[in-house]
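*Asks:* Sending over a structure as structure tokens; questions will come in a sec.
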Amino acid sequence: MHHARREFLGKSGLVLAASLGFVVPSGSVSNETIIITDQPVNIKKIGAVADGKTKNTTIINQTIKVLSESGGGSIYFPAGRYLTGAIHLASNINLHLEPGAILQFSEDFDDYLPMVASRWQGVESTNFSPLIYAACAENISITGQGTIDGAGAVWWDYILKKRKIYKETGSAPDSKWQQLFRQQNGNAESLQSFGFLRPSLFQAYQCKNVLLSGVAFRNSPFWTTHYVSCENVVVDGIDIHNPDSPNTDGINPESSKNVRISNCQIDVDDDCITIKSGKGEWGRKNALPCENITITNCLMTGGASGVGIGSEMSGGVKKVVVSNCIFDGTSTGIHIKTNRERGGVVEDIRMTNLIMNNIQKSPAIHINTRYWIDSQPEPVNEKTPVFRNIHISDISGTNNKRAVEISGLEEMPVQNISVSRVNLKSEQGLVCEFAEDVQMSDITIDGCEESPYRIRECKNIALANLQSNSQANPKITFQIVKQAMVTRSFPFATGSVLELDGKENRQILLDEFLRKNQAAVSFINGASSSVLES
């Protein structure tokens with residue numbers, strides 16, 4: 001078969017045969033004629049050694065450069081273990097790993113120098129090169145059924161030892177990498193005095209048209225796949241596993257738009273999927289939101305949260321849909337998180353058709369504006385975060401510690417929240433505080449040892465068909481609630497349906513059953529029936 005080809009001069013020790021993509025290794029870099037075909041370049045046939053010992057960094061990166069400069073192409077990795085340092089992708093390049101092919105990254109930190117422009121936990125910095133890095137590139141992809149191993153243990157061990165020393169002594173020995181980081185960044189907000197910043201396994205930085213499909217990611221030093229200020233990202237069918245390890249998130253779109261994540265399996269020690277947009281003053285000033293994100297048909301089997309938004313969300317997050325996912329054994333299921341220091345707006349979020357089992361540390365659904373910092377109320381300012389237009393429906397699951405927690409701020413309640421068609425079995429039920437314009441309907445929470453529905457400091461709230469087989473009394477508790485409606489909520493066991501706690505409740509409207517059944521409503525701590533609307 002005849003294949004079209006392009007010829008040009010380039011610095012390479014490779015000669016690609018036109019018909020087969022075959023290469024005769026030269027052993028050194030020299031000026032030779034490079035013949036590019038429209039067939040994938042077999043990295044083994046151009047001199048790469050798949051013995052897990054020989055570093056292939058130069059040959060991989062040279063091949064990427066040659067192909068990209070000639071218009072692009074695909075680099076094919078047959079079965080074998082390819083040891084390498086940092087790989088820098090360029091426009092119109094595909095890395096394709098066949099089953100049995102392993103990209104094994106070096107344990108030598110120097111293999112990730114020189115440092116490059118990056119973003120680390122929401123702040124721009126110059127840092128170690130991500131293990132696979134693409135900057136300002138278009139049409140890049142990693143596909144196949146092979147494995148990418150980040151050799152994360154050496155990074156985890158290093159930073160954990162540094163943290164231990166710092167905790168015990170208040171300082172830690174300087175490293176040459178930390179000194180280099182300071183030279184590049186000065187007193188950057190992200191500098192850690194007890195160590196340095198670990199790189200992501202894959203980071204696309206200001207790229208367009210990014211595809212990750214099929215491959216397995218293992219042992220990331222830090223966040224596994226990170227998409228910073230990217231547009232048109234597709235992540236489909238990848239498998240991520242990081243064992244007990246610090247900050248090894250799975251998939252993190254940050255300040256990116258038009259992102260589709262589907263058919264992925266993730267088991268990590270931090271957030272499985274988290275949507276971000278920069279942190280603090282830098283994030284607010286640059287205002288680069290993350291928007292138009294879809295997440296579907298994914299399985300999360302370990303990690304701090306299955307799907308998170310924040311806590312680095314100061315540039316805003318909007319228009320997110322999460323559907324048809326299973327969370328089994330994550331610390332929390334859905335976690336939307338921020339605090340009074342972050343600012344930013346999270347809005348237009350829809351999460352539906354989710355199964356949550358064995359969520360044992362935090363609520364299965366957690367909307368939290370007090371993440372890490374539960375500070376005192378303050379006047380609304382540029383640091384005040386806003387959560388609004390969040391809709392959650394069709395959730396089921398068993399063996400959970402806590403069901404739902406929605407927690408706004410006194411000065412900025414969460415706004416326009418709906419939770420519907422939820423069936424969860426958990427030790428603790430639903431808590432909603434500092435929220436307004438809330439609708440909750442068709443919810444069953446079983447297994448609680450205390451009141452399964454507790455509403456505090458909320459305004460304009462409608463509750464319909466809240467059920468529980470719990471023996472706890474009462475089923476629903478109101479404290480400082482104003483303008484509320486309760487309908488179709490019947491007792492399944494002994495005790496009252498609704499308890500009004502305190503004098504501050506106002507304008508409570510009940511359906512006919514609750515109004516006529518004196519035992520269905522109870523009053524404590526000064527509450528009286530005078531607040532009930534007829």
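Residues in the structure tokens are numbered from 1 in each chain, the chains being A, B, ... in the order shown, and ligands are numbered from 1 in the order shown.
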Where in segment 55-293 of chain A does DSSP assign strand (DSSP E or B), given as a PyMOL selection string?
*Replies:* chain A and resi 55+73-77+80-84+87-88+93-97+101-105+116-120+123-127+132-135+138-144+147-149+202-205+208-213+216-218+225-228+231-236+239-241+251-254+257-262+265-267+273-276+278+290-293
*Asks:* Those same residues, written as a compact mmCIF listing (two decimals), in the first residue's frame with C-alpha atoms?
*Replies:*
```txt
# COMPACT_ATOMS: atom_id res chain seq x y z
CA LYS A 55 15.43 6.10 29.90
CA GLY A 73 0.75 12.16 14.03
CA SER A 74 0.40 9.22 16.38
CA ILE A 75 3.14 7.55 18.44
CA TYR A 76 2.46 3.90 19.13
CA PHE A 77 3.80 2.09 22.23
CA GLY A 80 6.70 -3.30 27.32
CA ARG A 81 7.82 -0.97 30.11
CA TYR A 82 9.17 2.37 28.90
CA LEU A 83 11.12 4.30 31.54
CA THR A 84 10.98 8.04 30.97
CA ILE A 87 7.04 14.07 28.36
CA HIS A 88 5.98 17.32 26.70
CA ILE A 93 -0.02 14.48 18.72
CA ASN A 94 -1.56 11.24 19.94
CA LEU A 95 0.18 8.83 22.32
CA HIS A 96 -1.33 5.38 21.87
CA LEU A 97 -0.54 2.61 24.38
CA ALA A 101 2.44 -1.06 27.35
CA ILE A 102 3.53 0.84 30.47
CA LEU A 103 4.90 4.37 30.55
CA GLN A 104 6.99 4.13 33.71
CA PHE A 105 8.05 7.50 35.03
CA VAL A 116 7.38 25.12 33.75
CA ALA A 117 4.34 27.39 34.00
CA SER A 118 1.68 25.54 35.96
CA ARG A 119 -1.16 25.91 38.43
CA TRP A 120 -0.95 24.24 41.81
CA VAL A 123 -2.52 29.39 42.26
CA GLU A 124 -0.34 30.08 39.21
CA SER A 125 3.29 29.09 39.74
CA THR A 126 6.41 27.84 38.03
CA ASN A 127 6.95 24.31 39.20
CA ILE A 132 3.02 14.48 30.92
CA TYR A 133 2.66 18.17 30.11
CA ALA A 134 1.08 20.15 27.31
CA ALA A 135 1.06 23.96 27.17
CA GLU A 138 -4.30 21.84 20.31
CA ASN A 139 -5.60 18.41 19.34
CA ILE A 140 -3.68 16.30 21.85
CA SER A 141 -4.67 12.84 22.99
CA ILE A 142 -3.61 9.79 24.97
CA THR A 143 -5.46 6.63 23.97
CA GLY A 144 -5.27 2.85 24.16
CA THR A 147 -0.85 2.01 31.73
CA ILE A 148 0.81 5.25 32.83
CA ASP A 149 2.66 4.82 36.14
CA PHE A 202 -0.92 14.74 33.44
CA GLN A 203 -1.56 18.45 33.00
CA ALA A 204 -2.94 20.26 29.98
CA TYR A 205 -2.32 23.98 30.42
CA LYS A 208 -7.83 23.09 23.15
CA ASN A 209 -9.28 19.76 22.07
CA VAL A 210 -7.87 17.34 24.64
CA LEU A 211 -8.76 13.63 24.68
CA LEU A 212 -7.89 10.94 27.22
CA SER A 213 -9.42 7.57 26.41
CA ALA A 216 -5.01 3.39 33.13
CA PHE A 217 -3.29 5.88 35.44
CA ARG A 218 -1.43 4.66 38.51
CA THR A 225 -5.15 14.50 35.46
CA HIS A 226 -5.45 18.29 35.55
CA TYR A 227 -6.94 20.52 32.86
CA VAL A 228 -6.10 24.21 33.40
CA GLU A 231 -11.46 24.16 26.11
CA ASN A 232 -13.15 21.07 24.67
CA VAL A 233 -11.90 18.27 26.90
CA VAL A 234 -13.07 14.65 26.62
CA VAL A 235 -12.13 12.09 29.29
CA ASP A 236 -13.64 8.71 28.45
CA ASP A 239 -9.10 3.94 35.02
CA ILE A 240 -7.35 5.77 37.87
CA HIS A 241 -5.96 4.09 40.98
CA ILE A 251 -9.77 14.21 37.39
CA ASN A 252 -9.58 17.96 37.97
CA PRO A 253 -10.91 20.41 35.38
CA GLU A 254 -9.94 23.92 36.49
CA LYS A 257 -15.07 24.90 29.66
CA ASN A 258 -16.84 22.27 27.61
CA VAL A 259 -15.58 19.23 29.52
CA ARG A 260 -17.10 15.75 29.16
CA ILE A 261 -16.14 13.01 31.62
CA SER A 262 -17.70 9.58 31.10
CA GLN A 265 -13.45 4.19 37.20
CA ILE A 266 -11.63 6.04 39.97
CA ASP A 267 -10.14 4.85 43.27
CA ILE A 273 -13.44 14.26 40.33
CA THR A 274 -13.22 17.89 41.42
CA ILE A 275 -14.17 21.05 39.52
CA LYS A 276 -12.08 24.12 40.35
CA GLY A 278 -8.48 29.16 41.18
CA CYS A 290 -15.12 26.40 35.09
CA GLU A 291 -18.28 25.88 33.04
CA ASN A 292 -20.25 23.48 30.85
CA ILE A 293 -19.13 20.30 32.60
```
*Asks:* Would you tabulate, counting only C-alpha atoms, all residues of segment 184-298 of chain A that have an atom at most 10 Å from an atom of segment 349-365 of chain A, showing the closest pair of atoms and their distance in Å to one decimal, sorted by chain then ascending number, as JSON lines?
*Replies:*
```
{"residue": "A:Asn292", "atom": "CA", "partner": "A:Ile349", "partner_atom": "CA", "distance": 10.0}
{"residue": "A:Ile293", "atom": "CA", "partner": "A:Ile349", "partner_atom": "CA", "distance": 9.5}
{"residue": "A:Thr294", "atom": "CA", "partner": "A:Arg350", "partner_atom": "CA", "distance": 9.7}
{"residue": "A:Ile295", "atom": "CA", "partner": "A:Met351", "partner_atom": "CA", "distance": 9.3}
{"residue": "A:Thr296", "atom": "CA", "partner": "A:Leu354", "partner_atom": "CA", "distance": 9.7}
{"residue": "A:Asn297", "atom": "CA", "partner": "A:Leu354", "partner_atom": "CA", "distance": 9.5}
{"residue": "A:Cys298", "atom": "CA", "partner": "A:Leu354", "partner_atom": "CA", "distance": 9.9}
```
*Asks:* Given only C-alpha atoms as the basis, pick out the residue of A:Cys448, A:Ala435, A:Val307, A:Val380 nearest to Ala403 of chain A.
*Replies:*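 Result for the nearest residue to Ala403 of chain A: A:Cys448.
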*Asks:* Please identify which residues in segment 236-416 of chain A DSSP calls helix (DSSP H, G or I) from the backbone, and express them as a list in words.
*Replies:*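 Everything in segment 236-416 of chain A that counts as helix (DSSP H, G or I) is Gly280, Glu281, Trp282, Gly283, Arg284, Lys285 and Asn286 of chain A.
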